[in-house]
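Single-structure report; data block below.
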Amino acid sequence: MKKRFTSARVPGTGMEQLFSTPARWQAWLDVEAALARAQADLGLIPADAGKAITRACDLDRLDQDRINAEIDRTSHPLMPLIAELGRAADQYGGWVHWGATTQNITQTGDTLLLRRAHTIIRGQITDILTVLAELTERGAEMIMAGRTHGQHAVPITFGFKTAGWIDEYVRHLDRLDQISPRLFVALLGGAAGTSASLGEDPDTLQRAVATNLGLTPMAVPSRSISDHFAEFVTVLGLIATTSGKIGREIYQLMKTEYHEVEEPVPAGTVGSSTMPHKRNPQLCQDIIGMTAEIRALVPLALESAISEHDADNAPSALFDVEQHACELTAETLSRIHLIVSGLQLDPRRMRSNLDLSGGMIASEAIMLRLGETIGRQLAHEVVYDAAQTASTTATSFTDALAVDPRVTSQLDTDTIKNLLQPDSHLGLAPAIAHHQAIRAREIVVSRGENDRR
């Protein structure tokens, strides 16, 4: 994956090393070792063969240059590795890869890598929830303008906004946990999935191999089944949706005209070669771009899950999509964590921006109180008239209300003044923020305890 100019200040995730060619080969060798051990235990190959093959399934014992050269010559991803493994197993080399087909090894090995990627991503979201809890608590009572369709709506608090981010990431954790039993499965069914080459009790062999790898066997070990991999990419696409929304929101609120928040801008960061004053949202821009790319991979994953007859190259193409999605997701979440943990908030700017509408952000509160005596629809018309006057003339919203007898006959000056205070119409915003901060911390603790069991 390409290196971005912000990469030097973003903590590494280990994802690219995870999917390196040596790591992938070792995962395939781990499957070959698990197969050999299980076959030896069941008497399908000699016991000594199982031990010798298991010892040889160490990439450092194999000639990787010869493997690469043979891949170039044969145009096959696994046969050169099998041949080299056979040489390393000496007289027991003839028992290597007994009854298996290439996809049994490569797909199951790749699943081991995806499990590690899943663990990394899950851990990143847990870490984000930890810092989001702090941010949400900090902003729980911090009043700002709620905006709908790009316009002032009603007052909210900044913590209410980030409480929604917590809620979404918690569901993503749930999705990652729910997908695990479907995703982490071993494929071992031979050439077409019928298990004809795997001895008289292939079910027992499949369970043994899967158990050796910490996986479960596929109920139908067909090489044409890969919907579970497409589902994983779809979940990553949903994570990208939330992350992209956060990146876009901070990008917007960091604009000069808003400037209510600011992503971390370390000393020495240069925003422009010609405008020295620029403090650009570089990390947010990364997130916006990367998450768009992840979401674009979802339809590609769905297409790649379509296989012709009983096997074709679809799973290999799908793994490329998964790898790219995992790498981009990890890079995105690393930036989200960096931003959220160091986000600067400006409550004074939030308040001054909230006052830009001259009190009109409280129009709903005025309407509802007025509606108690004259009815909601008429109250809407009355407040609408005052708001339109304020929007199109030099008259303030407060003055427009104060000269309308339909208002003053029902509400006294002090009541109108109190209703125009933004903190009088926050509803449950602060309470929701506090609750979600507590919830995030509790989930982090409970998930951690479950992982240790």
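By order of appearance in the structure tokens: chains A, B, ..., then residues from 1 within every chain, and ligands from 1 in the order shown.
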
Exercise. Using only C-alpha atoms, which residues sit within 7 Å of Met144 in chain A once same-chain residues fewer than 3 positions away are excluded, as a list in words?
Worked result: Pro155, Ile156, Thr157, Phe158, Met350, Arg351 and Leu354 of chain A

Using only C-alpha atoms, which protein or nucleic acid residues come within 12 Å of range 41-57 of chain A? Drop anything in the same chain fewer than 3 positions from it, and give the result as a CSV table (one decimal) with all heavy atoms, in the first residue's frame.
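Resulting contents of result_0.csv:
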chain,number,residue,atom,x,y,z
A,25,TRP,N,3.3,-17.3,3.1
A,25,TRP,CA,3.9,-18.6,2.9
A,25,TRP,C,3.9,-19.4,4.2
A,25,TRP,O,3.6,-20.6,4.3
A,25,TRP,CB,5.3,-18.6,2.3
A,25,TRP,CG,5.3,-18.2,0.9
A,25,TRP,CD1,4.2,-18.1,0.0
A,25,TRP,CD2,6.5,-17.9,0.1
A,25,TRP,NE1,4.6,-17.8,-1.2
A,25,TRP,CE2,6.0,-17.7,-1.2
A,25,TRP,CE3,7.8,-17.9,0.4
A,25,TRP,CZ2,6.9,-17.4,-2.3
A,25,TRP,CZ3,8.7,-17.6,-0.7
A,25,TRP,CH2,8.2,-17.3,-2.0
A,26,GLN,N,4.3,-18.7,5.3
A,26,GLN,CA,4.3,-19.4,6.6
A,26,GLN,C,3.0,-19.9,7.1
A,26,GLN,O,2.8,-20.9,7.7
A,26,GLN,CB,5.0,-18.5,7.7
A,26,GLN,CG,5.2,-19.2,9.0
A,26,GLN,CD,6.0,-20.5,8.9
A,26,GLN,OE1,7.2,-20.4,8.5
A,26,GLN,NE2,5.5,-21.6,9.3
A,27,ALA,N,1.9,-19.1,6.8
A,27,ALA,CA,0.6,-19.4,7.1
A,27,ALA,C,0.2,-20.7,6.4
A,27,ALA,O,-0.5,-21.6,6.9
A,27,ALA,CB,-0.4,-18.3,6.9
A,28,TRP,N,0.6,-20.8,5.1
A,28,TRP,CA,0.3,-22.0,4.3
A,28,TRP,C,1.0,-23.2,4.9
A,28,TRP,O,0.4,-24.3,4.9
A,28,TRP,CB,0.7,-21.8,2.8
A,28,TRP,CG,-0.1,-20.7,2.1
A,28,TRP,CD1,-1.2,-20.0,2.6
A,28,TRP,CD2,0.2,-20.1,0.9
A,28,TRP,NE1,-1.6,-19.1,1.7
A,28,TRP,CE2,-0.8,-19.1,0.6
A,28,TRP,CE3,1.1,-20.4,-0.1
A,28,TRP,CZ2,-0.9,-18.4,-0.6
A,28,TRP,CZ3,1.1,-19.6,-1.3
A,28,TRP,CH2,0.1,-18.7,-1.5
A,29,LEU,N,2.2,-23.0,5.3
A,29,LEU,CA,3.0,-24.1,5.9
A,29,LEU,C,2.4,-24.5,7.2
A,29,LEU,O,2.4,-25.7,7.5
A,29,LEU,CB,4.5,-23.6,6.1
A,29,LEU,CG,5.3,-23.4,4.9
A,29,LEU,CD1,6.7,-22.8,5.3
A,29,LEU,CD2,5.6,-24.8,4.2
A,30,ASP,N,1.8,-23.6,7.9
A,30,ASP,CA,1.1,-23.9,9.2
A,30,ASP,C,0.0,-24.9,8.9
A,30,ASP,O,-0.3,-25.8,9.7
A,30,ASP,CB,0.6,-22.7,9.9
A,30,ASP,CG,1.8,-21.8,10.5
A,30,ASP,OD1,2.9,-22.3,10.6
A,30,ASP,OD2,1.5,-20.6,10.8
A,31,VAL,N,-0.7,-24.6,7.8
A,31,VAL,CA,-1.8,-25.5,7.4
A,31,VAL,C,-1.3,-26.9,7.0
A,31,VAL,O,-1.9,-27.9,7.4
A,31,VAL,CB,-2.7,-24.9,6.3
A,31,VAL,CG1,-3.8,-25.8,5.9
A,31,VAL,CG2,-3.2,-23.5,6.7
A,32,GLU,N,-0.2,-26.9,6.2
A,32,GLU,CA,0.4,-28.2,5.8
A,32,GLU,C,0.8,-29.0,7.1
A,32,GLU,O,0.6,-30.2,7.1
A,32,GLU,CB,1.6,-27.9,4.9
A,32,GLU,CG,1.3,-27.4,3.5
A,32,GLU,CD,0.7,-28.4,2.6
A,32,GLU,OE1,0.5,-29.6,3.0
A,32,GLU,OE2,0.5,-28.1,1.4
A,33,ALA,N,1.3,-28.3,8.1
A,33,ALA,CA,1.8,-29.0,9.3
A,33,ALA,C,0.6,-29.5,10.0
A,33,ALA,O,0.6,-30.7,10.5
A,33,ALA,CB,2.5,-28.0,10.2
A,34,ALA,N,-0.5,-28.7,10.1
A,34,ALA,CA,-1.7,-29.2,10.8
A,34,ALA,C,-2.3,-30.4,10.1
A,34,ALA,O,-2.8,-31.4,10.7
A,34,ALA,CB,-2.7,-28.1,10.9
A,35,LEU,N,-2.3,-30.4,8.8
A,35,LEU,CA,-2.8,-31.5,8.0
A,35,LEU,C,-2.0,-32.8,8.2
A,35,LEU,O,-2.5,-33.9,8.4
A,35,LEU,CB,-2.8,-31.1,6.5
A,35,LEU,CG,-3.1,-32.2,5.5
A,35,LEU,CD1,-4.6,-32.7,5.7
A,35,LEU,CD2,-2.9,-31.8,4.0
A,36,ALA,N,-0.7,-32.6,8.2
A,36,ALA,CA,0.2,-33.8,8.4
A,36,ALA,C,0.0,-34.3,9.8
A,36,ALA,O,0.0,-35.6,9.9
A,36,ALA,CB,1.7,-33.3,8.1
A,37,ARG,N,0.0,-33.5,10.8
A,37,ARG,CA,-0.2,-34.0,12.2
A,37,ARG,C,-1.5,-34.8,12.3
A,37,ARG,O,-1.6,-35.9,12.9
A,37,ARG,CB,-0.2,-32.8,13.2
A,37,ARG,CG,1.2,-32.2,13.4
A,37,ARG,CD,1.2,-31.4,14.7
A,37,ARG,NE,0.2,-30.3,14.7
A,37,ARG,CZ,0.4,-29.1,14.1
A,37,ARG,NH1,1.5,-28.8,13.5
A,37,ARG,NH2,-0.6,-28.2,14.2
A,38,ALA,N,-2.6,-34.2,11.8
A,38,ALA,CA,-3.9,-34.8,11.8
A,38,ALA,C,-3.9,-36.2,11.1
A,38,ALA,O,-4.5,-37.2,11.6
A,38,ALA,CB,-5.0,-33.9,11.3
A,60,ASP,N,12.0,-20.6,7.4
A,60,ASP,CA,13.5,-20.4,7.5
A,60,ASP,C,14.3,-21.6,7.1
A,60,ASP,O,15.5,-21.5,6.8
A,60,ASP,CB,13.8,-19.9,8.9
A,60,ASP,CG,13.3,-18.6,9.3
A,60,ASP,OD1,13.0,-17.8,8.3
A,60,ASP,OD2,13.1,-18.3,10.5
A,61,ARG,N,13.7,-22.8,7.1
A,61,ARG,CA,14.4,-24.0,6.7
A,61,ARG,C,14.3,-24.2,5.2
A,61,ARG,O,14.9,-25.2,4.7
A,61,ARG,CB,13.8,-25.2,7.4
A,61,ARG,CG,13.9,-25.1,8.9
A,61,ARG,CD,13.4,-26.4,9.6
A,61,ARG,NE,14.2,-27.6,9.1
A,61,ARG,CZ,13.9,-28.8,9.6
A,61,ARG,NH1,13.0,-29.0,10.5
A,61,ARG,NH2,14.6,-29.8,9.1
A,62,LEU,N,13.5,-23.4,4.5
A,62,LEU,CA,13.3,-23.6,3.0
A,62,LEU,C,14.1,-22.6,2.2
A,62,LEU,O,14.4,-21.5,2.7
A,62,LEU,CB,11.8,-23.5,2.7
A,62,LEU,CG,10.9,-24.4,3.5
A,62,LEU,CD1,9.4,-24.2,3.0
A,62,LEU,CD2,11.3,-25.8,3.5
A,63,ASP,N,14.4,-23.0,1.0
A,63,ASP,CA,15.1,-22.1,0.1
A,63,ASP,C,14.1,-21.2,-0.6
A,63,ASP,O,13.5,-21.5,-1.6
A,63,ASP,CB,15.9,-22.9,-1.0
A,63,ASP,CG,16.8,-22.1,-1.8
A,63,ASP,OD1,16.5,-20.9,-2.0
A,63,ASP,OD2,17.8,-22.6,-2.3
A,81,LEU,N,6.3,-24.3,-3.3
A,81,LEU,CA,6.4,-24.3,-1.9
A,81,LEU,C,6.3,-25.8,-1.4
A,81,LEU,O,7.0,-26.3,-0.5
A,81,LEU,CB,5.4,-23.5,-1.2
A,81,LEU,CG,5.5,-23.3,0.3
A,81,LEU,CD1,6.7,-22.6,0.7
A,81,LEU,CD2,4.2,-22.6,0.8
A,82,ILE,N,5.4,-26.5,-2.0
A,82,ILE,CA,5.2,-27.9,-1.7
A,82,ILE,C,6.4,-28.7,-2.0
A,82,ILE,O,6.9,-29.6,-1.3
A,82,ILE,CB,3.9,-28.5,-2.4
A,82,ILE,CG1,2.7,-27.8,-1.9
A,82,ILE,CG2,3.8,-30.0,-2.2
A,82,ILE,CD1,1.4,-28.1,-2.7
A,83,ALA,N,7.0,-28.5,-3.2
A,83,ALA,CA,8.2,-29.2,-3.7
A,83,ALA,C,9.3,-29.0,-2.7
A,83,ALA,O,10.1,-29.9,-2.3
A,83,ALA,CB,8.5,-28.8,-5.1
A,84,GLU,N,9.5,-27.7,-2.3
A,84,GLU,CA,10.6,-27.4,-1.4
A,84,GLU,C,10.4,-28.0,0.0
A,84,GLU,O,11.3,-28.4,0.6
A,84,GLU,CB,10.7,-25.8,-1.3
A,84,GLU,CG,11.9,-25.3,-0.4
A,84,GLU,CD,13.2,-25.7,-1.0
A,84,GLU,OE1,13.3,-26.0,-2.2
A,84,GLU,OE2,14.2,-25.6,-0.3
A,85,LEU,N,9.1,-28.0,0.4
A,85,LEU,CA,8.8,-28.6,1.7
A,85,LEU,C,9.0,-30.1,1.6
A,85,LEU,O,9.5,-30.7,2.6
A,85,LEU,CB,7.3,-28.4,2.0
A,85,LEU,CG,6.7,-29.1,3.3
A,85,LEU,CD1,7.5,-28.6,4.5
A,85,LEU,CD2,5.2,-28.8,3.4
A,86,GLY,N,8.8,-30.7,0.5
A,86,GLY,CA,9.0,-32.2,0.3
A,86,GLY,C,10.5,-32.5,0.4
A,86,GLY,O,10.9,-33.4,1.0
A,87,ARG,N,11.4,-31.6,-0.1
A,87,ARG,CA,12.8,-31.8,0.0
A,87,ARG,C,13.3,-31.6,1.4
A,87,ARG,O,14.1,-32.4,1.9
A,87,ARG,CB,13.5,-30.7,-0.9
A,87,ARG,CG,13.6,-31.1,-2.4
A,87,ARG,CD,14.5,-30.2,-3.2
A,87,ARG,NE,13.9,-28.9,-3.4
A,87,ARG,CZ,13.1,-28.6,-4.4
A,87,ARG,NH1,12.9,-29.5,-5.4
A,87,ARG,NH2,12.6,-27.4,-4.6
A,88,ALA,N,12.7,-30.7,2.1
A,88,ALA,CA,13.0,-30.5,3.5
A,88,ALA,C,12.6,-31.6,4.4
A,88,ALA,O,13.2,-31.9,5.5
A,88,ALA,CB,12.4,-29.1,4.1
A,89,ALA,N,11.6,-32.3,4.0
A,89,ALA,CA,11.1,-33.5,4.8
A,89,ALA,C,11.8,-34.8,4.5
A,89,ALA,O,11.5,-35.8,5.1
A,89,ALA,CB,9.6,-33.7,4.6
A,90,ASP,N,12.9,-34.7,3.6
A,90,ASP,CA,13.7,-35.8,3.3
A,90,ASP,C,12.9,-37.0,2.8
A,90,ASP,O,12.1,-36.9,1.9
A,90,ASP,CB,14.6,-36.2,4.5
A,90,ASP,CG,15.6,-35.1,4.9
A,90,ASP,OD1,16.0,-34.4,3.9
A,90,ASP,OD2,15.8,-34.9,6.1
A,91,GLN,N,13.1,-38.2,3.4
A,91,GLN,CA,12.5,-39.4,2.9
A,91,GLN,C,11.0,-39.4,3.1
A,91,GLN,O,10.3,-40.3,2.5
A,91,GLN,CB,13.1,-40.7,3.5
A,91,GLN,CG,12.7,-40.9,5.0
A,91,GLN,CD,13.7,-40.3,6.0
A,91,GLN,OE1,14.4,-39.3,5.7
A,91,GLN,NE2,13.9,-41.0,7.1
A,92,TYR,N,10.5,-38.5,3.8
A,92,TYR,CA,9.0,-38.4,4.1
A,92,TYR,C,8.3,-37.4,3.2
A,92,TYR,O,7.1,-37.1,3.3
A,92,TYR,CB,8.7,-38.1,5.5
A,92,TYR,CG,9.2,-39.1,6.5
A,92,TYR,CD1,10.4,-38.9,7.2
A,92,TYR,CD2,8.6,-40.4,6.6
A,92,TYR,CE1,10.8,-39.9,8.1
A,92,TYR,CE2,9.1,-41.4,7.4
A,92,TYR,CZ,10.2,-41.1,8.2
A,92,TYR,OH,10.7,-42.1,9.0
A,93,GLY,N,9.1,-36.8,2.2
A,93,GLY,CA,8.6,-35.8,1.4
A,93,GLY,C,7.4,-36.3,0.5
A,93,GLY,O,6.6,-35.4,0.1
A,94,GLY,N,7.3,-37.5,0.2
A,94,GLY,CA,6.2,-38.1,-0.6
A,94,GLY,C,4.9,-38.0,0.1
A,94,GLY,O,3.8,-38.2,-0.6
A,95,TRP,N,4.8,-37.7,1.4
A,95,TRP,CA,3.6,-37.7,2.1
A,95,TRP,C,3.1,-36.2,2.3
A,95,TRP,O,2.0,-36.0,2.9
A,95,TRP,CB,3.7,-38.3,3.5
A,95,TRP,CG,4.0,-39.8,3.5
A,95,TRP,CD1,5.2,-40.4,3.7
A,95,TRP,CD2,3.1,-40.8,3.2
A,95,TRP,NE1,5.1,-41.7,3.5
A,95,TRP,CE2,3.8,-42.0,3.2
A,95,TRP,CE3,1.7,-40.8,2.9
A,95,TRP,CZ2,3.2,-43.2,3.0
A,95,TRP,CZ3,1.1,-42.0,2.6
A,95,TRP,CH2,1.8,-43.2,2.7
A,96,VAL,N,3.9,-35.2,1.8
A,96,VAL,CA,3.5,-33.8,1.9
A,96,VAL,C,2.3,-33.6,1.1
A,96,VAL,O,2.1,-34.1,0.0
A,96,VAL,CB,4.7,-32.9,1.5
A,96,VAL,CG1,4.2,-31.5,1.3
A,96,VAL,CG2,5.8,-33.0,2.5
A,97,HIS,N,1.3,-32.8,1.6
A,97,HIS,CA,0.1,-32.3,0.9
A,97,HIS,C,-0.8,-33.5,0.5
A,97,HIS,O,-1.4,-33.4,-0.6
A,97,HIS,CB,0.6,-31.5,-0.4
A,97,HIS,CG,-0.4,-30.6,-1.0
A,97,HIS,ND1,-0.9,-29.5,-0.4
A,97,HIS,CD2,-0.9,-30.7,-2.3
A,97,HIS,CE1,-1.7,-29.0,-1.3
A,97,HIS,NE2,-1.8,-29.6,-2.4
A,98,TRP,N,-0.8,-34.5,1.3
A,98,TRP,CA,-1.5,-35.8,0.9
A,98,TRP,C,-3.0,-35.5,0.9
A,98,TRP,O,-3.6,-35.2,1.9
A,98,TRP,CB,-1.2,-36.9,1.9
A,98,TRP,CG,-1.7,-38.2,1.5
A,98,TRP,CD1,-2.8,-38.8,1.9
A,98,TRP,CD2,-1.0,-39.1,0.6
A,98,TRP,NE1,-2.9,-40.1,1.3
A,98,TRP,CE2,-1.8,-40.2,0.5
A,98,TRP,CE3,0.2,-39.0,-0.2
A,98,TRP,CZ2,-1.5,-41.3,-0.4
A,98,TRP,CZ3,0.5,-40.1,-1.0
A,98,TRP,CH2,-0.3,-41.2,-1.1
A,99,GLY,N,-3.6,-35.7,-0.3
A,99,GLY,CA,-5.0,-35.6,-0.5
A,99,GLY,C,-5.6,-34.2,-0.6
A,99,GLY,O,-6.8,-34.0,-0.8
A,197,SER,N,-10.6,-37.7,-1.5
A,197,SER,CA,-9.1,-38.1,-1.4
A,197,SER,C,-8.6,-38.1,0.1
A,197,SER,O,-7.4,-38.2,0.3
A,197,SER,CB,-8.3,-37.0,-2.2
A,197,SER,OG,-8.6,-35.7,-1.7
A,198,LEU,N,-9.5,-37.9,1.0
A,198,LEU,CA,-9.1,-37.7,2.4
A,198,LEU,C,-9.4,-38.9,3.3
A,198,LEU,O,-9.5,-38.7,4.5
A,198,LEU,CB,-9.8,-36.4,2.9
A,198,LEU,CG,-9.5,-35.1,2.2
A,198,LEU,CD1,-10.3,-34.0,2.7
A,198,LEU,CD2,-8.0,-34.8,2.2
A,199,GLY,N,-9.4,-40.1,2.8
A,199,GLY,CA,-9.5,-41.2,3.6
A,199,GLY,C,-11.0,-41.6,3.9
A,199,GLY,O,-11.9,-41.1,3.4
A,200,GLU,N,-11.1,-42.6,4.8
A,200,GLU,CA,-12.5,-43.2,5.0
A,200,GLU,C,-13.3,-42.4,6.0
A,200,GLU,O,-14.5,-42.5,6.1
A,200,GLU,CB,-12.3,-44.6,5.6
A,200,GLU,CG,-11.7,-45.6,4.6
A,200,GLU,CD,-11.6,-47.0,5.2
A,200,GLU,OE1,-12.0,-47.2,6.3
A,200,GLU,OE2,-11.1,-47.9,4.4
A,201,ASP,N,-12.6,-41.5,6.8
A,201,ASP,CA,-13.4,-40.6,7.7
A,201,ASP,C,-12.9,-39.2,7.6
A,201,ASP,O,-12.3,-38.6,8.5
A,201,ASP,CB,-13.1,-41.1,9.1
A,201,ASP,CG,-14.0,-40.5,10.2
A,201,ASP,OD1,-14.9,-39.7,9.8
A,201,ASP,OD2,-13.8,-40.7,11.4
A,202,PRO,N,-13.3,-38.6,6.4
A,202,PRO,CA,-12.8,-37.2,6.2
A,202,PRO,C,-13.4,-36.2,7.2
A,202,PRO,O,-12.7,-35.2,7.4
A,202,PRO,CB,-13.3,-36.9,4.8
A,202,PRO,CG,-14.4,-37.9,4.5
A,202,PRO,CD,-14.1,-39.1,5.3
A,203,ASP,N,-14.6,-36.4,7.7
A,203,ASP,CA,-15.1,-35.5,8.7
A,203,ASP,C,-14.2,-35.3,9.9
A,203,ASP,O,-14.0,-34.2,10.4
A,203,ASP,CB,-16.5,-35.9,9.1
A,203,ASP,CG,-17.6,-35.6,8.1
A,203,ASP,OD1,-17.3,-34.8,7.2
A,203,ASP,OD2,-18.7,-36.2,8.1
A,204,THR,N,-13.8,-36.5,10.4
A,204,THR,CA,-12.9,-36.5,11.5
A,204,THR,C,-11.6,-35.8,11.2
A,204,THR,O,-11.0,-35.0,12.0
A,204,THR,CB,-12.6,-37.9,12.0
A,204,THR,OG1,-13.8,-38.5,12.4
A,204,THR,CG2,-11.6,-37.9,13.2
A,205,LEU,N,-11.0,-36.0,10.0
A,205,LEU,CA,-9.8,-35.3,9.6
A,205,LEU,C,-10.0,-33.8,9.5
A,205,LEU,O,-9.2,-33.0,10.0
A,205,LEU,CB,-9.4,-35.9,8.2
A,205,LEU,CG,-8.1,-35.2,7.6
A,205,LEU,CD1,-6.9,-35.4,8.5
A,205,LEU,CD2,-7.9,-35.7,6.2
A,206,GLN,N,-11.1,-33.4,8.9
A,206,GLN,CA,-11.4,-32.0,8.8
A,206,GLN,C,-11.5,-31.3,10.2
A,206,GLN,O,-10.9,-30.2,10.4
A,206,GLN,CB,-12.7,-31.8,8.0
A,206,GLN,CG,-12.5,-32.1,6.5
A,206,GLN,CD,-13.9,-32.3,5.8
A,206,GLN,OE1,-14.9,-31.9,6.4
A,206,GLN,NE2,-13.9,-32.8,4.6
A,207,ARG,N,-12.2,-32.0,11.1
A,207,ARG,CA,-12.3,-31.4,12.4
A,207,ARG,C,-10.9,-31.3,13.1
A,207,ARG,O,-10.6,-30.3,13.8
A,207,ARG,CB,-13.2,-32.2,13.3
A,207,ARG,CG,-14.7,-32.0,13.0
A,207,ARG,CD,-15.6,-32.6,14.0
A,207,ARG,NE,-15.4,-34.1,14.2
A,207,ARG,CZ,-16.1,-35.0,13.5
A,207,ARG,NH1,-17.0,-34.6,12.6
A,207,ARG,NH2,-15.9,-36.3,13.7
A,208,ALA,N,-10.1,-32.3,12.9
A,208,ALA,CA,-8.8,-32.4,13.6
A,208,ALA,C,-7.9,-31.3,13.0
A,208,ALA,O,-7.2,-30.6,13.8
A,208,ALA,CB,-8.1,-33.7,13.4
A,209,VAL,N,-7.9,-31.1,11.7
A,209,VAL,CA,-7.1,-30.0,11.1
A,209,VAL,C,-7.6,-28.7,11.6
A,209,VAL,O,-6.7,-27.8,12.0
A,209,VAL,CB,-7.1,-30.1,9.6
A,209,VAL,CG1,-6.4,-28.9,8.9
A,209,VAL,CG2,-6.5,-31.4,9.0
A,212,ASN,N,-6.5,-28.1,15.2
A,212,ASN,CA,-5.1,-27.8,15.2
A,212,ASN,C,-4.8,-26.3,14.9
A,212,ASN,O,-3.8,-25.7,15.4
A,212,ASN,CB,-4.3,-28.6,14.2
A,212,ASN,CG,-4.1,-30.0,14.7
A,212,ASN,OD1,-4.1,-30.3,15.9
A,212,ASN,ND2,-3.8,-31.0,13.8

Exercise. Near Ile361 in chain A, within 9 Å and counting only C-alpha atoms, which residues show up once chain neighbours fewer than 6 positions away are dropped, as a list in words?
Worked result: Ala145, Gly146, His152, Ala153, Val154, Pro155, Leu354, Asp355, Leu420 and Pro422 of chain A

Exercise. Near Gly159 in chain A, within 9 Å and counting only C-alpha atoms, which residues show up once chain neighbours fewer than 6 positions away are dropped, as a PyMOL selection string?
Worked result: chain A and resi 135-143+429-430+432-434+437

Would you give me, as an mmCIF file with N, CA, C and O atoms, in the first residue's frame, the residues in range 63-272 of chain A that DSSP reads as strand (DSSP E)?
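Done, and the output landed in result-v4.cif:
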data_model
loop_
_atom_site.group_PDB
_atom_site.id
_atom_site.type_symbol
_atom_site.label_atom_id
_atom_site.label_comp_id
_atom_site.auth_asym_id
_atom_site.auth_seq_id
_atom_site.Cartn_x
_atom_site.Cartn_y
_atom_site.Cartn_z
ATOM 1 N N ILE A 143 -22.009 23.328 24.743
ATOM 2 C CA ILE A 143 -23.112 23.657 23.840
ATOM 3 C C ILE A 143 -22.585 24.143 22.490
ATOM 4 O O ILE A 143 -21.642 24.929 22.407
ATOM 5 N N MET A 144 -23.227 23.640 21.442
ATOM 6 C CA MET A 144 -22.889 24.059 20.087
ATOM 7 C C MET A 144 -24.153 24.004 19.247
ATOM 8 O O MET A 144 -25.196 23.525 19.695
ATOM 9 N N ALA A 145 -24.045 24.484 18.038
ATOM 10 C CA ALA A 145 -25.192 24.457 17.136
ATOM 11 C C ALA A 145 -25.367 23.071 16.549
ATOM 12 O O ALA A 145 -24.428 22.500 15.998
ATOM 13 N N GLY A 146 -26.567 22.545 16.667
ATOM 14 C CA GLY A 146 -26.909 21.366 15.901
ATOM 15 C C GLY A 146 -27.237 21.817 14.485
ATOM 16 O O GLY A 146 -27.900 22.850 14.294
ATOM 17 N N ARG A 147 -26.774 21.092 13.493
ATOM 18 C CA ARG A 147 -26.951 21.514 12.103
ATOM 19 C C ARG A 147 -27.628 20.405 11.310
ATOM 20 O O ARG A 147 -27.170 19.261 11.333
ATOM 21 N N THR A 148 -28.698 20.751 10.637
ATOM 22 C CA THR A 148 -29.343 19.805 9.730
ATOM 23 C C THR A 148 -29.461 20.471 8.366
ATOM 24 O O THR A 148 -29.768 21.667 8.281
ATOM 25 N N GLN A 151 -27.721 23.804 7.950
ATOM 26 C CA GLN A 151 -28.215 25.009 8.602
ATOM 27 C C GLN A 151 -28.379 24.762 10.105
ATOM 28 O O GLN A 151 -28.533 23.621 10.540
ATOM 29 N N HIS A 152 -28.397 25.854 10.883
ATOM 30 C CA HIS A 152 -28.661 25.729 12.312
ATOM 31 C C HIS A 152 -30.010 25.074 12.524
ATOM 32 O O HIS A 152 -31.006 25.420 11.874
ATOM 33 N N ALA A 153 -30.054 24.122 13.464
ATOM 34 C CA ALA A 153 -31.295 23.410 13.763
ATOM 35 C C ALA A 153 -31.722 23.746 15.185
ATOM 36 O O ALA A 153 -32.462 24.705 15.415
ATOM 37 N N VAL A 154 -31.246 22.981 16.154
ATOM 38 C CA VAL A 154 -31.468 23.264 17.577
ATOM 39 C C VAL A 154 -30.126 23.098 18.278
ATOM 40 O O VAL A 154 -29.204 22.478 17.738
ATOM 41 N N PRO A 155 -29.998 23.617 19.493
ATOM 42 C CA PRO A 155 -28.728 23.448 20.206
ATOM 43 C C PRO A 155 -28.495 21.980 20.573
ATOM 44 O O PRO A 155 -29.432 21.240 20.889
ATOM 45 N N ILE A 156 -27.256 21.560 20.516
ATOM 46 C CA ILE A 156 -26.833 20.249 20.999
ATOM 47 C C ILE A 156 -25.580 20.464 21.832
ATOM 48 O O ILE A 156 -25.196 21.604 22.096
ATOM 49 N N THR A 157 -24.964 19.401 22.256
ATOM 50 C CA THR A 157 -23.636 19.510 22.855
ATOM 51 C C THR A 157 -22.663 18.719 22.004
ATOM 52 O O THR A 157 -23.058 17.794 21.283
ATOM 53 N N VAL A 185 -13.042 -20.310 9.364
ATOM 54 C CA VAL A 185 -13.324 -21.708 9.059
ATOM 55 C C VAL A 185 -12.222 -22.269 8.178
ATOM 56 O O VAL A 185 -11.604 -21.549 7.388
ATOM 57 N N ALA A 186 -11.989 -23.566 8.342
ATOM 58 C CA ALA A 186 -10.980 -24.259 7.545
ATOM 59 C C ALA A 186 -11.638 -24.958 6.366
ATOM 60 O O ALA A 186 -12.663 -25.613 6.523
ATOM 61 N N THR A 216 -12.831 -23.717 12.783
ATOM 62 C CA THR A 216 -13.870 -24.740 12.688
ATOM 63 C C THR A 216 -13.959 -25.193 11.236
ATOM 64 O O THR A 216 -13.680 -24.406 10.325
ATOM 65 N N PRO A 217 -14.346 -26.444 10.991
ATOM 66 C CA PRO A 217 -14.427 -26.913 9.603
ATOM 67 C C PRO A 217 -15.643 -26.338 8.898
ATOM 68 O O PRO A 217 -16.681 -26.076 9.533
ATOM 69 N N VAL A 261 -13.317 22.937 16.181
ATOM 70 C CA VAL A 261 -12.396 21.877 16.594
ATOM 71 C C VAL A 261 -11.167 21.936 15.696
ATOM 72 O O VAL A 261 -11.177 22.586 14.643
ATOM 73 N N GLU A 262 -10.122 21.231 16.109
ATOM 74 C CA GLU A 262 -8.927 21.139 15.265
ATOM 75 C C GLU A 262 -8.225 19.818 15.531
ATOM 76 O O GLU A 262 -7.991 19.446 16.677
#

Exercise. Suppose you want the space between CA of Ser307 in chain A and CA of Leu187 in chain A; what is it in Å?
Worked result: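 Between CA of Ser307 in chain A and CA of Leu187 in chain A the gap is 15.6 Å.
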